[in-house]
Every structure is written in C-alpha cells, then in structure tokens.
Amino acid sequence: MAVALFVAVIIVVFHRAIFFGEVLAPLDLLSKELPWGAVLPKNVHIQNFTLADGIATFYPWWHFVHEELQAGRFPLWCTHVGCGFPVVGEGQINLFGLTTPCLWIAPPRIALILTFSTQLLAAMAGMYALLCSLRVRWSAALFGALIFGLNSRIFQDLELNCTIGAWAILPWICWALWEGLKREHGRGRFYSLAGLFYGLAILNGSLQSHVIVWLPVAGFAVAAVWRQRRARFIRESLKAIMTFSVLGVCIGAMAWLPNLELLTQNTRKRFNQIEWPALMLQRPLAVVPCAAAMVNPDAIGNSETFDLLHGLGHPGTGATMPGMADLRLYCGLIAVVLAFFGLRARSDAKCLAVVLILVPVIVGFITPLYLILYFRSLAPIPVGIAILAGLGLERFWQPDKELARDVRNAVVILLAAIGLALCVGGVVNAKRAAVTKQVEQIGSKKTSFYKADVAWQRQKAEGTVANFTLKGRAVLRFSLLALLTVGLLVMARLHKTVAVAFLIFNTADLVGFSWRTVPSVPPAFEYPQTPALDFLQQQKGTFRVASTWNAETDPPTARENMLMMHGLNDPRIYDSLIPKNPLLKANNWDALNVRYFIVPPAATPPAGEWRLRYSREVDIYENLRVEPRVCFAAAPSGLDSQTDWVQIESYVSGRIRVHVNAPQEGWLIVRERLYPGWRATVNGRPTPLVEAQGLWQAVPVSAGSSFVELKYLPASFGMGAALSLTGILLVVMLCTPHVSNAARTALRFST
C-alpha cells in the first residue's frame with residue numbers, strides 16, 4: 001500500500017512529462033539565449049530560472065552519453081568540449097549511476113522521467129523502511145516517507161541527480177545499521193548491506209555528495225550504538241563505521257578514483273578567493289534564512305523571483321556564497337510543527353533524528369568542511385525532520401499527558417509567526433517602490449547570464465518584492481497554511497481524524513511546491529535547430545567553434561557545452577574542474593583549432609584574421625589562420641605543420657585513427673588534450689605519447705606509411721572497476737549464512 005501511494009504521488013508530480021511528452025529540464029531558458037531564442041516564442045514565462053545550470057551542464061551531457069551508448073561506445077572521454085574531457089572522472093555527469101542505464105535504453109526525455117521517479121521512489125521507500133525499523137506505526141512511517149521524498153531540497157536540485165541520487169540512499173544505509181544493531185547474531189550481514197548501500201550512493205553521486213552522506217551516517221551509527229549497545233560502545237561503533245565505510249569505498253571506487261584523478265589535474269586555486277576573516281564572521285548568519293525557509297518555502301525567494309540572499313545581504317564571500325537552493329529545506333509547515341511534537345517524545349528514534357539534524361548543521365555552519373561541501377551538507381536534515389514528524393504524528397494517534405500543553409505552545413508560536421509575517425507584509429507595502437528599485441539594482445548585478453534583458457530583470461525585482469507584500473505568496477500562503485494548522489491543532493481531541501488531516505494537507509502542500517519548482521516544458525524547447533546551426537553543421541572537416549558576448553548588453557550566445565547538442569566541438573567547457581588550458585587563457589583561437597566564431601548580431605569578432613561568413617540570428621566569422629586538428633610536424637613544439645600527408649580515418653570520443661604518409665621521421669600532432677589514460681599505437685606497436693605545445697598529444701612516426709591509433713582507457717578506471725567488483729563480492733560473501741573465513745580475513749585486512 002505504501003509503495004502504491006508513493007508511485008501515485010510520483011505520477012501526480014511528473015504527470016505533464018509522463019502523459020503530455022514534456023521535458024523535465026529548464027529548457028524554457030533557451031528563449032533568452034542565442035541562437036535558439038531567435039526561433040523560440042518571445043516573452044516566455046520561465047518556470048524556474050534558479051536552475052539555469054541545467055541547460056549548459058546536465059542536459060547536453062545526458063544527450064552525449066545517450067548518443068555514445070547508442071553508437072556502441074561507453075563514453076569515458078568526450079571530444080566535443082574543453083579540447084577533450086574525461087567523462088569518467090566527472091562526478092556531476094554520474095556515469096556509473098542510475099542515469100546511465102536509463103540513457104542506454106531511452107532518450108534523455110524518457111530517461112529523466114525514469115531516473116527522477118526511481119530516485120524519489122527509493123528515497124520514500126528507504127525512509128518508510130527506516131521508520132518501520134524504528135517501530136513507528138504505519139501511518140506515521142508513511143507520513144515521514146512522503147516528507148523526505150517530497151522535501152524541497154530534493155526538488156530544488158532534482159536535475160542535479162549526482163547529489164540527489166546519493167541522498168536518496170541515505171535512509172537505506174541508516175536502516176541497515178539499525179537493523180544490524182537490533183540483532184544479537186548476524187550483525188555483520190547488515191553492516192555489509194550498509195556498505196553496499198553506501199557504495200551505491202558513491203556510484204550514484206559525486207565525490208562531494210558521498211562525503212555529505214558519510215558524515216550524518218557516521219553520526220547515526222555512533223548514536224545508534226549508544227542507544228543499543230552501551231557496554232561495547234567504542235568497539236561496536238568503530239566496527240559499524242569501518243565496515244560500511246570500507247565496503248562502500250571499495251564498491252564506489254569505479255566512480256571516485258577517476259574523479260580524484262581529475263581533481264589532482266585541476267589547477268584552479270579556489271581557496272585563494274576566500275576572505276577568511278569575513279567568512280568566519282558572516283557564514284553562520286545564513287542559519288537565519290535557512291531556518292525561515294524551513295517553515296516557509298518562499299521565505300528567501302521563490303522559483304520565479306530573485307534569491308533574496310543576493311538582494312538583501314551577503315552571508316559569506318564570493319567563493320562560498322550560499323544560494324536559495326543551498327538553504328531551502330522545506331518539509332512542509334505541518335511537518336515542522338509535528339517535528340516539534342516529536343522532540344517531546346521519548347524514544348531511540350528521537351535521539352537518532354536529533355543527531356541526523358545536528359551533524360549537518362555543525363558541518364554547514366561551524367566547521368571548515370563547508371569550504372568543500374558548501375551548504376549542500378544540510379541536505380540530510382530532512383531525514384531527521386521526517387523521523388521527528390513521524391513521532392509527532394504518533395502522539396496524535398495515541399495521546400499522552402503532555403500533548404495538550406504542547407498543542408497550546410504550538411498554537412501560540414504559530415499565531416506569533418502569523419503576526420510577524422503580516423508585519424513584514426505591512427512594512428514592504430509601505431516601502432514597496434524603494435525596495436523594488438534596490439532589489440532590481442542588486443539583482444541585476446548578481447545575474448550572471450541575463451543582465452542584458454532589462455525588462456525581465458525589472459519583472460523579477462517586482463515579483464520578488466510583491467512576494468513579501470500582504471497579498472504576496474510568501475506572506476499570504478504562509479498565513480493561510482499556519483491558520484489551517486492552528487485549526488487542526490484546536491481540534492486535537494479528534495486525534496485520529498486530525499492525524500489523517502495532517503498527512504493529507506502536508507502532502508498536498510509539498511506536491512504543490514514540487515509543481516512550482518520542477519521545470520516541465522514542451523519538446524519544442526529542446527535545443528531547436530536554427531539556420532546558424534545548420535550552416536555550421538554543413539561545414540566539412542574537423543574543427544572547433546567558440547563564441548563571445550557582452551554580458552551587460554547582449555544575450556548569452558552559444559555558451560559552453562551547449563553546442564555539443566548539435567555535434568559541434570568547443571574548446572571551452574561549463575565545468576569548474578577542467579584542468580588549466582594556457583591556450584584558452586591566452587585566447588589563442590588559431591592553435592585551439594577554432595575555425596568559426598559566433599557573436600551576437602553586429603558585434604565584433606576577436607582579434608585576428610576573420611571573415612564574416614553568416615549574418616542572421618547571430619554573426620559567424622571564419623578564422624583564416626586556423627591550425628588543423630591533426631597534422632605532421634618535424635618536432636612536437638614546431639609550427640611547421642603539414643596536413644597533406646595526414647588522413648583522418650576516424651575521430652570519435654576516446655578513439656582516434658589516423659593514416660600518415662610521412663616523407664621523413666617526425667611527429668603526428670593531435671589537438672586533443674593529453675591526459676592520463678591516453679595510449680598510442682603505431683602500426684599496432686605501443687608508442688609513448690609526448691606533450692606538444694603545452695597541451696596536445698604528439699606521436700613519433702617514421703618515414704613512410706603509418707597507421708596511428710589513440711585510445712583513452714585510464715588506469716584509474718580499471719583499478720576502480722577491480723576494487724568495485726571486489727567490494728561487491730565481499731558483500732555477497734558476508735551476506736551468505738555461512739561466511740567464509742576468507743571474506744572475514746579480507747575485510748579485516750582492508751580495514
């Protein structure tokens with residue numbers, strides 16, 4: 001019954017995508033970008049502009065992975081962006097997670113529905129199993145599962161499935177640990193199951209997200225051992241943590257080893273941007289909007305307005321500035337109220353829930369770990385809130401002596417909150433014009449891509465301020481929902497009826513929020529073909545394309561990653577982990593093999609020898625001095641490149657085949673980034689690769705005819721795959737009734 005209800009809720013949330021063919025991605029933002037905006041409707045109502053990364057990050061990558069799988073290639077490398085990029089090491093692409101099998105069998109539009117639905121179902125089922133294991137009654141377990149599955153943190157980052165996929169598995173890890181501690185014998189089997197789930201969280205997430213999962217799970221393990229096994233507290237805690245950690249890290253090695261390799265290749269010094277004194281003083285201030293967002297989803301802005309953290313203050317520095325999505329942890333106002341009642345319960349579950357809330361708060365606001373995890377470390381908090389809310393709901397099924405007093409206190413707090421919200425609305429009404437102007441000025445500076453759309457900036461500023469007037473959503477919706485909650489609390493004598501009403505209204509509240517948060521747009525917005533793109537696709541040869549625009553006056557034009565959707569190569573990449581590219585930093589478009597350059601209409605091309613070849617929705621210039629993608633040279637660093645003796649037989653991601661008929665000994669220069677994992681053979685014999693011009697691959701060739709083949713197969717992937725297989729075998733052996741001594745010895749050795 002519980003699973004059937006979860007499936008029904010998922011169908012309701014995604015009904016437009018399931019039944020009407022819409023796409024679960026913020027593709028309506030393409031109406032504000034060139035060249036796609038030229039063929040899309042004008043003045044499109046953007047459903048959620050806070051998810052702007054999706055059109056440049058996730059959706060293009062999903063298309064690329066799908067196309068490679070359909071071509072029979074597993075996409076370890078992508079040649080379309082960044083002068084070549086290791087897909088196997090990119091945590092956000094989630095190559096070994098749930099999305100890839102879905103992309104194997106279906107195009108991205110369908111794969112997204114399958115991925116998001118499966119992750120939400122796993123999250124709700126895991127939370128339900130955990131609450132049942134904590135001996136919470138069925139209705140309360142159902143309530144907690146819906147709270148966790150529909151909380152705003154998941155829906156605000158739903159397209160970021162590399163993190164959501166890890167968080168969705170968190171309750172399952174806690175369930176396995178708690179089930180193991182409840183037993184006198186066979187505890188190791190459940191610890192190994194926890195390790196299996198933790199390994200799946202790593203495979204289905206990123207290096208960052210699995211650290212976010214590990215921290216609260218480790219705290220949960222310590223608290224659970226304390227509640228169950230105080231006599232052997234230290235020994236049992238270490239055993240539980242080490243078992244699930246070692247097995248999980250082994251199983252997830254196939255994902256995190258290549259990711260760690262990419263991190264070591266990354267030369268950006270992010271920490272140099274941090275103003276340490278200001279950070280230590282201002283960062284904890286973010287707890288105020290975070291707490292406000294937990295009781296009101298519109299407290300710090302909504303999906304259609306500016307993030308008020310940017311408009312009204314800076315709780316942090318530029319390198320660590322929290323956003324709306326980072327702090328929003330809304331589980332429903334009724335759920336938060338019932339969590340208050342759950343805090344008054346006396347049970348193991350309450351202790352464990354408090355730990356699951358306190359660990360992320362301490363990590364996010366106090367410890368230096370936020371420099372790595374940002375405020376995403378707060379994501380596990382809804383697990384604790386769901387447990388407390390379930391306990392609170394139980395108190396209405398079986399009233400205790402203190403329930404009446406707690407009801408009175410909750411009513412007083414809610415009425416005071418309503419009064420405060422109305423006061424805010426009154427003040428904003430009185431100063432609406434001045435505040436709107438201020439928000440417009442600040443918000444336009446903080447909008448990185450769409451500053452040129454002045455009318456839209458003004459509209460968002462007006463919407464932001466209107467959100468906080470007496471009739472605005474932030475004030476009116478909160479006040480009405482709080483009054484409804486007060487009314488239900490006043491009827492607390494009808495305990496069972498009120499409990500059912502709590503469940504229904506809180507679920508409806510969260511479903512309504514999800515409808516507003518998740519973008520779902522018609523297929524017509526899915527990177528439509530334009531005349532300019534047709535022109536570029538008709539050009540022969542292997543070349544790259546780049547673009548530029550003035551952010552203050554022009555709309556974004558052919559941003560990084562987005563041309564990949566049309567099979568075009570771009571030396572840039574929309575990713576923070578790309579290793580340093582000295583040629584890109586110097587804007588050396590000739591050496592980067594950039595043959596065509598896109599600019600907004602009437603804009604000027606970069607410095608160099610360029611010829612205007614196309615002028616319509618955008619201007620396209622041809623580079624008259626572009627250097628070839630593959631050529632022959634006398635020395636790796638030489639500029640005397642020749643293409644007459646070179647024939648490209650195949651140039652696909654991760655595999656390049658070239659025939660060279662050289663008049664003398666020399667070097668085959670391939671303008672693809674030299675990265676650990678590339679191997680070369682000449683006429684079938686392994687040949688060492690050399691770096692050319694500080695970035696490219698160079699292969700020595702003899703005079704005469706040679707067949708050169710380049711393949712990308714990193715050792716980190718092979719080693720990680722072997723470790724993952726070993727971890728899975730250990731879990732299988734430990735979960736069998738008769739565990740072999742070899743499995744125990746291997747686990748002790750690895751620990």
# chains A, B, ... in the order shown; residues from 1 in each chain; ligands from 1
>>> residues_around(residues="stretch 683-697 of chain A", least_positions_apart="5", cutoff="7 Å", atoms="only C-alpha atoms", output="mmCIF file with N, CA and C atoms, in the first residue's frame")
data_model
loop_
_atom_site.group_PDB
_atom_site.id
_atom_site.type_symbol
_atom_site.label_atom_id
_atom_site.label_comp_id
_atom_site.auth_asym_id
_atom_site.auth_seq_id
_atom_site.Cartn_x
_atom_site.Cartn_y
_atom_site.Cartn_z
ATOM 1 N N PRO A 636 57.748 18.190 -31.841
ATOM 2 C CA PRO A 636 56.491 18.394 -31.106
ATOM 3 C C PRO A 636 56.150 19.857 -30.876
ATOM 4 N N SER A 637 57.167 20.691 -30.676
ATOM 5 C CA SER A 637 56.913 22.103 -30.417
ATOM 6 C C SER A 637 56.945 22.955 -31.669
ATOM 7 N N ILE A 669 50.852 15.377 -34.704
ATOM 8 C CA ILE A 669 50.279 16.253 -33.676
ATOM 9 C C ILE A 669 48.752 16.123 -33.727
ATOM 10 N N VAL A 670 48.164 15.737 -32.612
ATOM 11 C CA VAL A 670 46.705 15.621 -32.496
ATOM 12 C C VAL A 670 46.251 16.629 -31.452
ATOM 13 N N ARG A 671 45.429 17.585 -31.890
ATOM 14 C CA ARG A 671 44.996 18.637 -30.971
ATOM 15 C C ARG A 671 43.822 18.154 -30.112
ATOM 16 N N GLU A 672 44.158 17.199 -29.269
ATOM 17 C CA GLU A 672 43.268 16.664 -28.240
ATOM 18 C C GLU A 672 44.076 16.687 -26.949
ATOM 19 N N ARG A 673 43.461 17.122 -25.854
ATOM 20 C CA ARG A 673 44.192 17.295 -24.600
ATOM 21 C C ARG A 673 44.914 16.007 -24.186
ATOM 22 N N LEU A 674 46.214 16.127 -23.872
ATOM 23 C CA LEU A 674 46.969 14.996 -23.348
ATOM 24 C C LEU A 674 46.622 14.845 -21.871
ATOM 25 N N SER A 706 52.207 4.963 -42.044
ATOM 26 C CA SER A 706 51.977 4.538 -40.653
ATOM 27 C C SER A 706 50.499 4.684 -40.319
ATOM 28 N N PHE A 707 50.011 3.721 -39.543
ATOM 29 C CA PHE A 707 48.649 3.812 -39.015
ATOM 30 C C PHE A 707 48.749 4.078 -37.513
ATOM 31 N N VAL A 708 48.230 5.202 -37.112
ATOM 32 C CA VAL A 708 48.310 5.622 -35.711
ATOM 33 C C VAL A 708 46.922 5.529 -35.095
#
>>> residues_around(residues="stretch 182-187 of chain A", least_positions_apart="4", cutoff="10 Å", atoms="only C-alpha atoms", output="list in words")
Ser133, Leu134, Ala176, Leu177, Trp178, Tyr191, Ser192, Ala224, Val225, Gln228, Arg229, Ala240, Leu734, Cys735, Thr736 and Pro737 of chain A
>>> write_last_selection(atoms="N, CA and C atoms", output="PDB file, in the first residue's frame")
ATOM      1  N   SER A 133      11.493   0.222  10.936  1.00  0.00           N
ATOM      2  CA  SER A 133      12.502  -0.421  11.757  1.00  0.00           C
ATOM      3  C   SER A 133      12.613   0.235  13.130  1.00  0.00           C
ATOM      4  N   LEU A 134      12.326   1.537  13.184  1.00  0.00           N
ATOM      5  CA  LEU A 134      12.334   2.257  14.464  1.00  0.00           C
ATOM      6  C   LEU A 134      11.030   2.077  15.236  1.00  0.00           C
ATOM      7  N   ALA A 176      19.945  -0.223   7.466  1.00  0.00           N
ATOM      8  CA  ALA A 176      20.771  -1.419   7.587  1.00  0.00           C
ATOM      9  C   ALA A 176      21.576  -1.402   8.884  1.00  0.00           C
ATOM     10  N   LEU A 177      22.110  -0.246   9.262  1.00  0.00           N
ATOM     11  CA  LEU A 177      22.874  -0.155  10.510  1.00  0.00           C
ATOM     12  C   LEU A 177      21.981  -0.424  11.719  1.00  0.00           C
ATOM     13  N   TRP A 178      20.796   0.152  11.722  1.00  0.00           N
ATOM     14  CA  TRP A 178      19.896  -0.028  12.861  1.00  0.00           C
ATOM     15  C   TRP A 178      19.411  -1.467  12.954  1.00  0.00           C
ATOM     16  N   TYR A 191      25.666  -4.819   8.462  1.00  0.00           N
ATOM     17  CA  TYR A 191      26.717  -3.824   8.273  1.00  0.00           C
ATOM     18  C   TYR A 191      27.225  -3.862   6.830  1.00  0.00           C
ATOM     19  N   SER A 192      27.345  -5.062   6.285  1.00  0.00           N
ATOM     20  CA  SER A 192      27.796  -5.171   4.896  1.00  0.00           C
ATOM     21  C   SER A 192      26.739  -4.638   3.937  1.00  0.00           C
ATOM     22  N   ALA A 224      23.311   5.280  17.324  1.00  0.00           N
ATOM     23  CA  ALA A 224      22.569   4.018  17.366  1.00  0.00           C
ATOM     24  C   ALA A 224      23.258   3.015  18.281  1.00  0.00           C
ATOM     25  N   VAL A 225      24.586   2.937  18.201  1.00  0.00           N
ATOM     26  CA  VAL A 225      25.310   2.020  19.084  1.00  0.00           C
ATOM     27  C   VAL A 225      25.123   2.439  20.544  1.00  0.00           C
ATOM     28  N   GLN A 228      21.809   1.227  21.757  1.00  0.00           N
ATOM     29  CA  GLN A 228      21.590  -0.214  21.770  1.00  0.00           C
ATOM     30  C   GLN A 228      22.650  -0.983  22.560  1.00  0.00           C
ATOM     31  N   ARG A 229      23.905  -0.569  22.461  1.00  0.00           N
ATOM     32  CA  ARG A 229      24.998  -1.394  22.986  1.00  0.00           C
ATOM     33  C   ARG A 229      25.966  -0.537  23.805  1.00  0.00           C
ATOM     34  N   ALA A 240      31.027  -0.829  13.170  1.00  0.00           N
ATOM     35  CA  ALA A 240      29.963  -0.448  12.237  1.00  0.00           C
ATOM     36  C   ALA A 240      30.462   0.559  11.208  1.00  0.00           C
ATOM     37  N   LEU A 734      29.739 -11.952   2.722  1.00  0.00           N
ATOM     38  CA  LEU A 734      29.372 -11.632   4.101  1.00  0.00           C
ATOM     39  C   LEU A 734      27.879 -11.782   4.356  1.00  0.00           C
ATOM     40  N   CYS A 735      27.081 -11.668   3.302  1.00  0.00           N
ATOM     41  CA  CYS A 735      25.632 -11.756   3.477  1.00  0.00           C
ATOM     42  C   CYS A 735      25.117 -13.196   3.397  1.00  0.00           C
ATOM     43  N   THR A 736      25.985 -14.126   3.029  1.00  0.00           N
ATOM     44  CA  THR A 736      25.542 -15.520   2.988  1.00  0.00           C
ATOM     45  C   THR A 736      25.483 -16.070   4.407  1.00  0.00           C
ATOM     46  N   PRO A 737      24.641 -17.066   4.663  1.00  0.00           N
ATOM     47  CA  PRO A 737      24.510 -17.610   6.024  1.00  0.00           C
ATOM     48  C   PRO A 737      25.826 -18.127   6.587  1.00  0.00           C
TER      49      PRO A 737
END
>>> atom_distance(atom1="atom CA of A:Ala291", atom2="atom CA of A:Trp172")
26.5 Å
>>> closest_residue(among="A:Gln642, A:Thr264, A:Ser209, A:Asn94", to="A:Ile578", atoms="only C-alpha atoms")
A:Thr264
>>> residues_around(residues="A:Cys351", least_positions_apart="5", cutoff="9 Å", atoms="only C-alpha atoms", output="number ranges by chain")
A: 223-224, 227, 343, 346, 356
>>> write_last_selection(atoms="N, CA and C atoms", output="compact mmCIF listing (two decimals), in the first residue's frame")
# COMPACT_ATOMS: atom_id res chain seq x y z
N ALA A 223 25.38 7.18 17.44
CA ALA A 223 24.19 7.34 18.29
C ALA A 223 23.41 6.04 18.42
N ALA A 224 23.31 5.28 17.32
CA ALA A 224 22.57 4.02 17.37
C ALA A 224 23.26 3.01 18.28
N ARG A 227 22.58 3.87 21.88
CA ARG A 227 21.23 3.53 22.34
C ARG A 227 21.04 2.03 22.52
N LEU A 343 9.93 16.11 19.14
CA LEU A 343 11.02 16.39 20.08
C LEU A 343 10.63 16.11 21.52
N ARG A 346 9.69 10.32 23.79
CA ARG A 346 10.79 9.62 24.47
C ARG A 346 11.03 8.30 23.75
N LEU A 356 20.89 13.29 13.32
CA LEU A 356 20.86 13.50 11.88
C LEU A 356 20.63 14.96 11.51
